[in-house]
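Raw my_file_30.pdb, PDB, C-alpha atoms (C1' of nucleotides):
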```
MODEL        1
ATOM      1  CA  MET A   1      87.800-107.046  36.719
ATOM      2  CA  SER A   2      86.254-106.628  40.116
ATOM      3  CA  ASN A   3      83.837-108.697  42.047
ATOM      4  CA  ASP A   4      81.778-106.956  44.665
ATOM      5  CA  ASN A   5      80.740-109.962  46.636
ATOM      6  CA  PRO A   6      83.699-112.021  47.645
ATOM      7  CA  LYS A   7      82.426-115.526  47.924
ATOM      8  CA  ALA A   8      83.811-118.978  48.216
ATOM      9  CA  ASP A   9      86.280-120.385  50.610
ATOM     10  CA  ILE A  10      89.920-119.641  50.565
ATOM     11  CA  SER A  11      92.025-122.775  50.548
ATOM     12  CA  ASN A  12      95.109-123.227  52.678
ATOM     13  CA  ALA A  13      97.517-122.613  49.840
ATOM     14  CA  GLU A  14      95.514-119.620  48.683
ATOM     15  CA  PHE A  15      95.598-118.223  52.174
ATOM     16  CA  GLU A  16      99.383-118.309  52.243
ATOM     17  CA  VAL A  17      99.441-116.171  49.148
ATOM     18  CA  LEU A  18      96.885-113.766  50.519
ATOM     19  CA  ASP A  19      98.842-113.633  53.723
ATOM     20  CA  VAL A  20     101.972-112.220  52.158
ATOM     21  CA  LEU A  21      99.910-109.942  49.957
ATOM     22  CA  TRP A  22      98.341-108.457  53.073
ATOM     23  CA  ASP A  23     101.813-107.768  54.392
ATOM     24  CA  ASP A  24     102.397-105.238  51.676
ATOM     25  CA  TYR A  25     100.456-104.280  48.601
ATOM     26  CA  PRO A  26     100.018-103.559  45.795
ATOM     27  CA  ALA A  27     102.479-106.181  44.751
ATOM     28  CA  THR A  28     103.435-107.907  41.547
ATOM     29  CA  SER A  29     103.333-111.648  41.301
ATOM     30  CA  SER A  30     107.111-111.688  41.420
ATOM     31  CA  ASP A  31     107.061-109.755  44.673
ATOM     32  CA  ILE A  32     104.680-112.292  46.068
ATOM     33  CA  VAL A  33     106.648-115.249  44.844
ATOM     34  CA  GLU A  34     109.755-113.800  46.367
ATOM     35  CA  ARG A  35     108.166-113.221  49.747
ATOM     36  CA  LEU A  36     106.620-116.653  49.762
ATOM     37  CA  ASN A  37     109.934-118.239  48.995
ATOM     38  CA  GLN A  38     111.230-117.027  52.333
ATOM     39  CA  LYS A  39     109.017-119.703  53.738
ATOM     40  CA  LYS A  40     107.662-122.067  51.113
ATOM     41  CA  PRO A  41     109.531-123.496  48.153
ATOM     42  CA  TRP A  42     106.718-122.903  45.774
ATOM     43  CA  HIS A  43     107.155-122.796  42.062
ATOM     44  CA  ASP A  44     106.236-119.480  40.583
ATOM     45  CA  LYS A  45     103.703-121.140  38.316
ATOM     46  CA  THR A  46     101.994-122.464  41.377
ATOM     47  CA  VAL A  47     101.797-119.056  42.944
ATOM     48  CA  LYS A  48     100.381-117.595  39.748
ATOM     49  CA  THR A  49      97.706-120.228  39.726
ATOM     50  CA  LEU A  50      96.798-119.440  43.295
ATOM     51  CA  LEU A  51      96.673-115.734  42.534
ATOM     52  CA  SER A  52      94.350-116.366  39.618
ATOM     53  CA  ARG A  53      92.104-118.440  41.788
ATOM     54  CA  LEU A  54      91.983-115.719  44.394
ATOM     55  CA  VAL A  55      91.056-113.226  41.710
ATOM     56  CA  LYS A  56      88.366-115.511  40.384
ATOM     57  CA  LYS A  57      87.037-115.935  43.888
ATOM     58  CA  GLY A  58      86.802-112.206  44.220
ATOM     59  CA  VAL A  59      89.104-111.771  47.171
ATOM     60  CA  VAL A  60      91.981-110.253  45.231
ATOM     61  CA  ASP A  61      91.999-107.792  42.372
ATOM     62  CA  PHE A  62      94.692-106.127  40.311
ATOM     63  CA  ASP A  63      95.526-103.143  38.163
ATOM     64  CA  LYS A  64      97.645-103.440  35.097
ATOM     65  CA  ALA A  65     101.002-101.738  35.129
ATOM     66  CA  GLN A  66     102.571-102.322  31.761
ATOM     67  CA  ARG A  67     102.518-106.004  31.302
ATOM     68  CA  GLN A  68     102.576-106.873  34.953
ATOM     69  CA  TYR A  69      99.689-106.853  37.318
ATOM     70  CA  LEU A  70      99.616-105.084  40.615
ATOM     71  CA  TYR A  71      97.653-107.212  42.992
ATOM     72  CA  ARG A  72      95.794-106.071  46.070
ATOM     73  CA  PRO A  73      93.440-107.786  48.493
ATOM     74  CA  LEU A  74      89.757-106.974  48.385
ATOM     75  CA  ILE A  75      89.152-108.046  51.923
ATOM     76  CA  ALA A  76      90.923-106.910  55.048
ATOM     77  CA  ARG A  77      92.960-109.394  56.984
ATOM     78  CA  GLU A  78      91.133-108.490  60.186
ATOM     79  CA  ASP A  79      87.743-109.107  58.630
ATOM     80  CA  TYR A  80      88.855-112.419  57.282
ATOM     81  CA  THR A  81      90.482-113.645  60.450
ATOM     82  CA  LYS A  82      87.578-112.486  62.547
ATOM     83  CA  LYS A  83      85.123-114.372  60.398
ATOM     84  CA  GLU A  84      87.245-117.487  60.319
ATOM     85  CA  ALA A  85      87.813-117.384  64.044
ATOM     86  CA  THR A  86      84.118-117.087  64.694
ATOM     87  CA  SER A  87      83.288-120.038  62.524
ATOM     88  CA  PHE A  88      86.158-122.089  63.877
ATOM     89  CA  VAL A  89      85.194-121.479  67.479
ATOM     90  CA  SER A  90      81.594-122.148  66.697
ATOM     91  CA  ARG A  91      82.401-125.453  65.057
ATOM     92  CA  LEU A  92      84.878-126.767  67.581
ATOM     93  CA  PHE A  93      83.942-125.055  70.808
ATOM     94  CA  LYS A  94      80.239-124.415  70.575
ATOM     95  CA  GLY A  95      81.016-120.756  70.045
ATOM     96  CA  LYS A  96      82.814-120.202  73.337
ATOM     97  CA  VAL A  97      86.340-118.818  73.261
ATOM     98  CA  ALA A  98      87.204-119.645  76.838
ATOM     99  CA  PRO A  99      87.531-123.393  76.236
ATOM    100  CA  LEU A 100      89.879-122.692  73.377
ATOM    101  CA  VAL A 101      92.025-120.520  75.576
ATOM    102  CA  ALA A 102      91.863-123.184  78.254
ATOM    103  CA  GLY A 103      93.435-125.619  75.830
ATOM    104  CA  PHE A 104      96.323-123.254  75.319
ATOM    105  CA  ALA A 105      96.697-122.715  79.016
ATOM    106  CA  ASN A 106      96.907-126.337  79.988
ATOM    107  CA  GLN A 107      99.308-126.922  77.148
ATOM    108  CA  ASN A 108     101.691-124.274  78.426
ATOM    109  CA  SER A 109     101.203-122.266  75.302
ATOM    110  CA  LEU A 110     100.291-119.097  77.102
ATOM    111  CA  SER A 111     103.007-116.523  77.545
ATOM    112  CA  GLN A 112     103.101-113.719  80.049
ATOM    113  CA  GLN A 113     102.417-111.400  77.165
ATOM    114  CA  ASP A 114      99.345-113.322  76.134
ATOM    115  CA  VAL A 115      98.063-113.131  79.652
ATOM    116  CA  ASP A 116      98.744-109.429  79.883
ATOM    117  CA  GLU A 117      96.898-108.850  76.669
ATOM    118  CA  LEU A 118      93.983-110.958  77.787
ATOM    119  CA  LYS A 119      93.789-109.022  81.025
ATOM    120  CA  ALA A 120      93.747-105.773  79.120
ATOM    121  CA  LEU A 121      90.990-107.057  76.879
ATOM    122  CA  ILE A 122      88.955-108.090  79.865
ATOM    123  CA  LYS A 123      89.411-104.779  81.583
ATOM    124  CA  GLN A 124      88.306-103.051  78.433
ATOM    125  CA  TRP A 125      85.331-105.320  78.088
ATOM    126  CA  GLU A 126      84.280-104.672  81.640
ATOM    127  CA  GLN A 127      84.402-100.963  81.132
ATOM    128  CA  ASN A 128      82.046-101.302  78.229
ATOM    129  CA  ASN A 129      79.774-103.752  80.005
ATOM    130  CA  ASP A 130      79.482-102.644  83.569
TER     131      ASP A 130
ATOM    132  CA  MET B 131      91.076-153.417  62.376
ATOM    133  CA  SER B 132      92.953-150.850  64.351
ATOM    134  CA  ASN B 133      95.395-148.234  63.336
ATOM    135  CA  ASP B 134      97.784-147.013  65.973
ATOM    136  CA  ASN B 135      98.854-143.851  64.298
ATOM    137  CA  PRO B 136      95.882-141.762  63.342
ATOM    138  CA  LYS B 137      96.971-139.734  60.399
ATOM    139  CA  ALA B 138      95.423-137.585  57.770
ATOM    140  CA  ASP B 139      93.141-134.660  58.030
ATOM    141  CA  ILE B 140      89.553-134.881  59.013
ATOM    142  CA  SER B 141      87.288-133.117  56.574
ATOM    143  CA  ASN B 142      84.431-130.893  57.634
ATOM    144  CA  ALA B 143      81.764-133.465  56.939
ATOM    145  CA  GLU B 144      83.802-136.150  58.652
ATOM    146  CA  PHE B 145      84.176-133.931  61.659
ATOM    147  CA  GLU B 146      80.429-133.595  62.028
ATOM    148  CA  VAL B 147      80.166-137.350  62.227
ATOM    149  CA  LEU B 148      82.981-137.625  64.701
ATOM    150  CA  ASP B 149      81.391-134.864  66.691
ATOM    151  CA  VAL B 150      78.212-136.756  67.400
ATOM    152  CA  LEU B 151      80.149-139.947  67.959
ATOM    153  CA  TRP B 152      82.113-138.188  70.678
ATOM    154  CA  ASP B 153      78.855-137.234  72.318
ATOM    155  CA  ASP B 154      78.135-140.849  73.099
ATOM    156  CA  TYR B 155      79.788-144.065  72.107
ATOM    157  CA  PRO B 156      79.993-146.831  71.205
ATOM    158  CA  ALA B 157      77.274-146.188  68.696
ATOM    159  CA  THR B 158      75.888-147.921  65.643
ATOM    160  CA  SER B 159      75.727-146.151  62.358
ATOM    161  CA  SER B 160      71.985-145.805  62.792
ATOM    162  CA  ASP B 161      72.504-144.088  66.116
ATOM    163  CA  ILE B 162      74.844-141.707  64.448
ATOM    164  CA  VAL B 163      72.590-141.050  61.509
ATOM    165  CA  GLU B 164      69.770-140.364  63.881
ATOM    166  CA  ARG B 165      71.736-137.899  65.945
ATOM    167  CA  LEU B 166      73.063-136.154  62.901
ATOM    168  CA  ASN B 167      69.605-135.762  61.522
ATOM    169  CA  GLN B 168      68.745-133.519  64.412
ATOM    170  CA  LYS B 169      70.919-131.027  62.641
ATOM    171  CA  LYS B 170      71.844-132.067  59.127
ATOM    172  CA  PRO B 171      69.593-133.728  56.577
ATOM    173  CA  TRP B 172      72.181-136.223  55.544
ATOM    174  CA  HIS B 173      71.369-139.390  53.725
ATOM    175  CA  ASP B 174      72.322-142.456  55.677
ATOM    176  CA  LYS B 175      74.492-143.644  52.804
ATOM    177  CA  THR B 176      76.429-140.437  53.109
ATOM    178  CA  VAL B 177      76.992-140.933  56.788
ATOM    179  CA  LYS B 178      78.139-144.496  56.196
ATOM    180  CA  THR B 179      80.654-143.262  53.683
ATOM    181  CA  LEU B 180      81.973-140.718  56.119
ATOM    182  CA  LEU B 181      82.227-143.331  58.836
ATOM    183  CA  SER B 182      84.181-145.610  56.536
ATOM    184  CA  ARG B 183      86.532-142.812  55.665
ATOM    185  CA  LEU B 184      87.087-142.065  59.331
ATOM    186  CA  VAL B 185      87.873-145.710  59.942
ATOM    187  CA  LYS B 186      90.257-145.763  57.021
ATOM    188  CA  LYS B 187      91.928-142.653  58.353
ATOM    189  CA  GLY B 188      92.416-144.380  61.665
ATOM    190  CA  VAL B 189      90.470-141.977  63.816
ATOM    191  CA  VAL B 190      87.494-144.244  64.365
ATOM    192  CA  ASP B 191      87.324-147.953  64.974
ATOM    193  CA  PHE B 192      84.538-150.444  65.586
ATOM    194  CA  ASP B 193      83.660-153.783  67.076
ATOM    195  CA  LYS B 194      81.220-156.098  65.444
ATOM    196  CA  ALA B 195      77.989-156.772  67.242
ATOM    197  CA  GLN B 196      76.035-159.221  65.135
ATOM    198  CA  ARG B 197      75.849-157.665  61.775
ATOM    199  CA  GLN B 198      76.092-154.118  62.981
ATOM    200  CA  TYR B 199      79.224-152.275  63.926
ATOM    201  CA  LEU B 200      79.739-150.441  67.146
ATOM    202  CA  TYR B 201      81.815-147.420  66.380
ATOM    203  CA  ARG B 202      84.046-145.535  68.757
ATOM    204  CA  PRO B 203      86.536-142.707  68.347
ATOM    205  CA  LEU B 204      90.237-143.450  68.565
ATOM    206  CA  ILE B 205      91.147-139.917  69.448
ATOM    207  CA  ALA B 206      89.771-137.774  72.237
ATOM    208  CA  ARG B 207      87.799-134.696  71.368
ATOM    209  CA  GLU B 208      90.012-132.584  73.620
ATOM    210  CA  ASP B 209      93.164-133.758  71.926
ATOM    211  CA  TYR B 210      91.734-133.088  68.540
ATOM    212  CA  THR B 211      90.376-129.652  69.324
ATOM    213  CA  LYS B 212      93.547-128.679  71.102
ATOM    214  CA  LYS B 213      95.647-129.623  68.126
ATOM    215  CA  GLU B 214      93.351-127.921  65.676
ATOM    216  CA  ALA B 215      93.173-124.795  67.775
ATOM    217  CA  THR B 216      96.931-124.614  67.976
ATOM    218  CA  SER B 217      97.357-124.930  64.268
ATOM    219  CA  PHE B 218      94.531-122.525  63.559
ATOM    220  CA  VAL B 219      95.904-119.857  65.859
ATOM    221  CA  SER B 220      99.352-120.373  64.507
ATOM    222  CA  ARG B 221      98.186-119.952  60.933
ATOM    223  CA  LEU B 222      95.921-116.976  61.414
ATOM    224  CA  PHE B 223      97.278-115.222  64.460
ATOM    225  CA  LYS B 224     100.973-115.981  64.503
ATOM    226  CA  GLY B 225     100.347-118.326  67.384
ATOM    227  CA  LYS B 226      98.920-115.741  69.771
ATOM    228  CA  VAL B 227      95.488-116.349  71.274
ATOM    229  CA  ALA B 228      94.951-112.842  72.526
ATOM    230  CA  PRO B 229      94.362-111.326  69.088
ATOM    231  CA  LEU B 230      91.782-113.985  68.432
ATOM    232  CA  VAL B 231      89.989-113.155  71.636
ATOM    233  CA  ALA B 232      90.282-109.486  70.768
ATOM    234  CA  GLY B 233      88.332-110.158  67.607
ATOM    235  CA  PHE B 234      85.556-111.675  69.629
ATOM    236  CA  ALA B 235      85.589-108.818  72.077
ATOM    237  CA  ASN B 236      85.263-106.082  69.535
ATOM    238  CA  GLN B 237      82.565-108.024  67.793
ATOM    239  CA  ASN B 238      80.487-108.222  70.949
ATOM    240  CA  SER B 239      80.767-111.961  70.951
ATOM    241  CA  LEU B 240      82.017-112.178  74.489
ATOM    242  CA  SER B 241      79.507-113.004  77.179
ATOM    243  CA  GLN B 242      79.825-112.389  80.880
ATOM    244  CA  GLN B 243      80.334-116.094  81.260
ATOM    245  CA  ASP B 244      83.187-116.128  78.772
ATOM    246  CA  VAL B 245      84.824-113.320  80.649
ATOM    247  CA  ASP B 246      84.384-115.065  83.971
ATOM    248  CA  GLU B 247      85.927-118.180  82.572
ATOM    249  CA  LEU B 248      88.814-116.286  81.091
ATOM    250  CA  LYS B 249      89.445-114.589  84.405
ATOM    251  CA  ALA B 250      89.474-117.937  86.140
ATOM    252  CA  LEU B 251      91.924-119.298  83.607
ATOM    253  CA  ILE B 252      94.187-116.344  84.088
ATOM    254  CA  LYS B 253      94.083-116.622  87.832
ATOM    255  CA  GLN B 254      94.962-120.270  87.531
ATOM    256  CA  TRP B 255      97.745-119.535  85.122
ATOM    257  CA  GLU B 256      99.192-116.918  87.427
ATOM    258  CA  GLN B 257      99.221-119.321  90.311
ATOM    259  CA  ASN B 258     101.256-121.740  88.279
ATOM    260  CA  ASN B 259     103.551-119.084  86.916
ATOM    261  CA  ASP B 260     104.300-116.661  89.698
TER     262      ASP B 260
ATOM    263  C1'  DT C 261     114.444-106.244  13.428
ATOM    264  C1'  DT C 262     114.787-110.817  14.810
ATOM    265  C1'  DT C 263     115.188-113.425  18.867
ATOM    266  C1'  DT C 264     114.687-114.347  23.513
ATOM    267  C1'  DT C 265     112.309-113.800  27.664
ATOM    268  C1'  DA C 266     108.977-113.230  30.855
ATOM    269  C1'  DA C 267     103.802-112.241  32.187
ATOM    270  C1'  DG C 268      99.716-113.951  32.365
ATOM    271  C1'  DA C 269      96.156-117.565  30.339
ATOM    272  C1'  DT C 270      95.031-122.078  29.627
ATOM    273  C1'  DT C 271      95.436-126.846  30.395
ATOM    274  C1'  DA C 272      96.736-130.853  33.244
ATOM    275  C1'  DC C 273      96.348-134.248  36.471
ATOM    276  C1'  DA C 274      96.239-136.870  40.900
ATOM    277  C1'  DT C 275      94.002-136.810  45.237
ATOM    278  C1'  DG C 276      90.404-135.129  48.492
ATOM    279  C1'  DT C 277      85.613-134.150  49.509
ATOM    280  C1'  DG C 278      80.552-133.992  49.403
ATOM    281  C1'  DT C 279      77.017-136.668  48.375
ATOM    282  C1'  DA C 280      75.108-140.617  47.249
ATOM    283  C1'  DA C 281      73.563-145.132  44.434
ATOM    284  C1'  DT C 282      74.299-149.885  43.658
ATOM    285  C1'  DC C 283      75.993-154.448  45.074
ATOM    286  C1'  DT C 284      76.461-158.279  48.386
ATOM    287  C1'  DT C 285      75.253-160.613  52.140
ATOM    288  C1'  DT C 286      72.794-161.663  56.054
ATOM    289  C1'  DT C 287      68.886-161.602  58.937
ATOM    290  C1'  DC C 288      63.938-160.914  59.730
ATOM    291  C1'  DT C 289      58.984-161.726  58.051
ATOM    292  C1'  DG C 290      55.329-163.873  56.319
TER     293       DG C 290
ATOM    294  C1'  DC D 291      61.510-171.544  53.007
ATOM    295  C1'  DA D 292      61.127-167.452  49.974
ATOM    296  C1'  DG D 293      61.253-162.881  49.698
ATOM    297  C1'  DA D 294      62.010-158.383  51.819
ATOM    298  C1'  DA D 295      64.747-155.428  54.464
ATOM    299  C1'  DA D 296      68.851-153.688  56.244
ATOM    300  C1'  DA D 297      74.044-153.459  57.206
ATOM    301  C1'  DG D 298      78.202-152.722  55.358
ATOM    302  C1'  DA D 299      81.313-152.734  50.856
ATOM    303  C1'  DT D 300      82.083-151.021  46.546
ATOM    304  C1'  DT D 301      81.499-147.817  42.962
ATOM    305  C1'  DA D 302      80.270-143.202  41.201
ATOM    306  C1'  DC D 303      80.844-138.670  39.979
ATOM    307  C1'  DA D 304      81.343-133.605  40.035
ATOM    308  C1'  DC D 305      83.887-130.014  42.039
ATOM    309  C1'  DA D 306      87.988-128.365  44.953
ATOM    310  C1'  DT D 307      92.812-128.297  45.735
ATOM    311  C1'  DG D 308      97.847-128.772  45.329
ATOM    312  C1'  DT D 309     101.082-128.451  42.163
ATOM    313  C1'  DA D 310     102.661-127.403  38.158
ATOM    314  C1'  DA D 311     103.639-127.479  32.559
ATOM    315  C1'  DT D 312     102.489-125.593  28.208
ATOM    316  C1'  DC D 313     100.644-121.867  25.290
ATOM    317  C1'  DT D 314     100.272-117.060  23.786
ATOM    318  C1'  DT D 315     101.695-112.680  23.505
ATOM    319  C1'  DA D 316     104.143-108.665  24.292
ATOM    320  C1'  DA D 317     108.299-106.457  25.701
ATOM    321  C1'  DA D 318     113.307-106.403  26.058
ATOM    322  C1'  DA D 319     117.792-107.591  24.150
ATOM    323  C1'  DA D 320     120.939-108.455  20.662
TER     324       DA D 320
ENDMDL
END
```
Please re-express this file's structure in structure tokens.
Amino acid sequence: MSNDNPKADISNAEFEVLDVLWDDYPATSSDIVERLNQKKPWHDKTVKTLLSRLVKKGVVDFDKAQRQYLYRPLIAREDYTKKEATSFVSRLFKGKVAPLVAGFANQNSLSQQDVDELKALIKQWEQNND
Amino acid sequence: MSNDNPKADISNAEFEVLDVLWDDYPATSSDIVERLNQKKPWHDKTVKTLLSRLVKKGVVDFDKAQRQYLYRPLIAREDYTKKEATSFVSRLFKGKVAPLVAGFANQNSLSQQDVDELKALIKQWEQNND
DNA sequence: TTTTTAAGATTACATGTGTAATCTTTTCTG
DNA sequence: CAGAAAAGATTACACATGTAATCTTAAAAA
């Protein structure tokens, strides 16, 4: 069954499942359980429940392969994270990213690599907006 | 009653209340309701409930002034947003801010001002980490 | 072929959350 | 002073979420 308009929010636990699914798919529920168990000691029944909820919410779908299901995400990780980031920044920082980055900076959570990447982004941006 | 270790998560609705409280405090519940109503059509009973929950969670406290309460936050907005941002970025972007900013950039959500601020942050950072 | 197993479906259940309504008590108002 | 209004406390209630256990069914094993 497919759902063309993914709705509803994805809960924290559901996100963890989606997260490992994004890493590599299609995947069976056992695959997913196994990957999750590298990090979270979740019961396989729990993971199945979360998968079902994701399917019901229209963000994951599956194809049947014998008696197992092969799950795959219906939304791209980048689209999801972009949307979430936008809403997060809008809620907590009035839509401005700089203050968020400032928090990282004054917390010593910025690495040289982060800074290099930010500089590259800025250079790129300036080329497009001269 | 005061609670020295603010625990528990702040829900979305609770955050909205805290958000306007941060804007100016101490404030009575009516003040808060009024400010919120600039944006959200929330019933005053609803706001009271949210305030109570914030108090119970130890993130807001109050002093009695006659029969009204004067509410004030027990945590600073900056501390809260910093913590939330860290956990958000860690969950969705493996802890790296740059990819988050990249999402904004390629979505045309970066303004000249954002870029200026980011450049200033970077300059600052480089001075501290030469 | 009978039995065991394992996949997914269904059910469970406590706690959180959104969204108030009602209750209690204390001050205004007339 | 009696009644109305208003502040906070308590109660309500449906839906979401975390976290599974049980049920059903089909496939694999003996």
*Report the distance between atom CA of Val219 of chain B and atom CA of Leu54 of chain A in Å, rounded to one decimal place.*
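Computing the Euclidean distance for atom CA of Val219 of chain B and atom CA of Leu54 of chain A yields 22.2 Å.
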_With 10 Å as the limit and counting only C-alpha atoms (C1' of nucleotides), what residues in chain D lie close to chain B? Please list them as JSON, numbers by chain._
{"D": [296, 297, 298, 299]}
*Explicit residue set for the PyMOL selection byres ((chain C and resi 263) around 8), as a ChimeraX atom specification*: /C:262,264 /D:320
*Check what the PyMOL selection byres ((chain B) within 12 of (chain C)) selects in the file above and give those residues as a PyMOL selection string.*
chain B and resi 138-144+171-180+183+196-198
_Counting all atoms listed in the file, find residues at most 8 Å from (77.9, -148.5, 68.3) (file frame) and give them as a PyMOL selection string._
chain B and resi 155-159+161+192-193+198-202
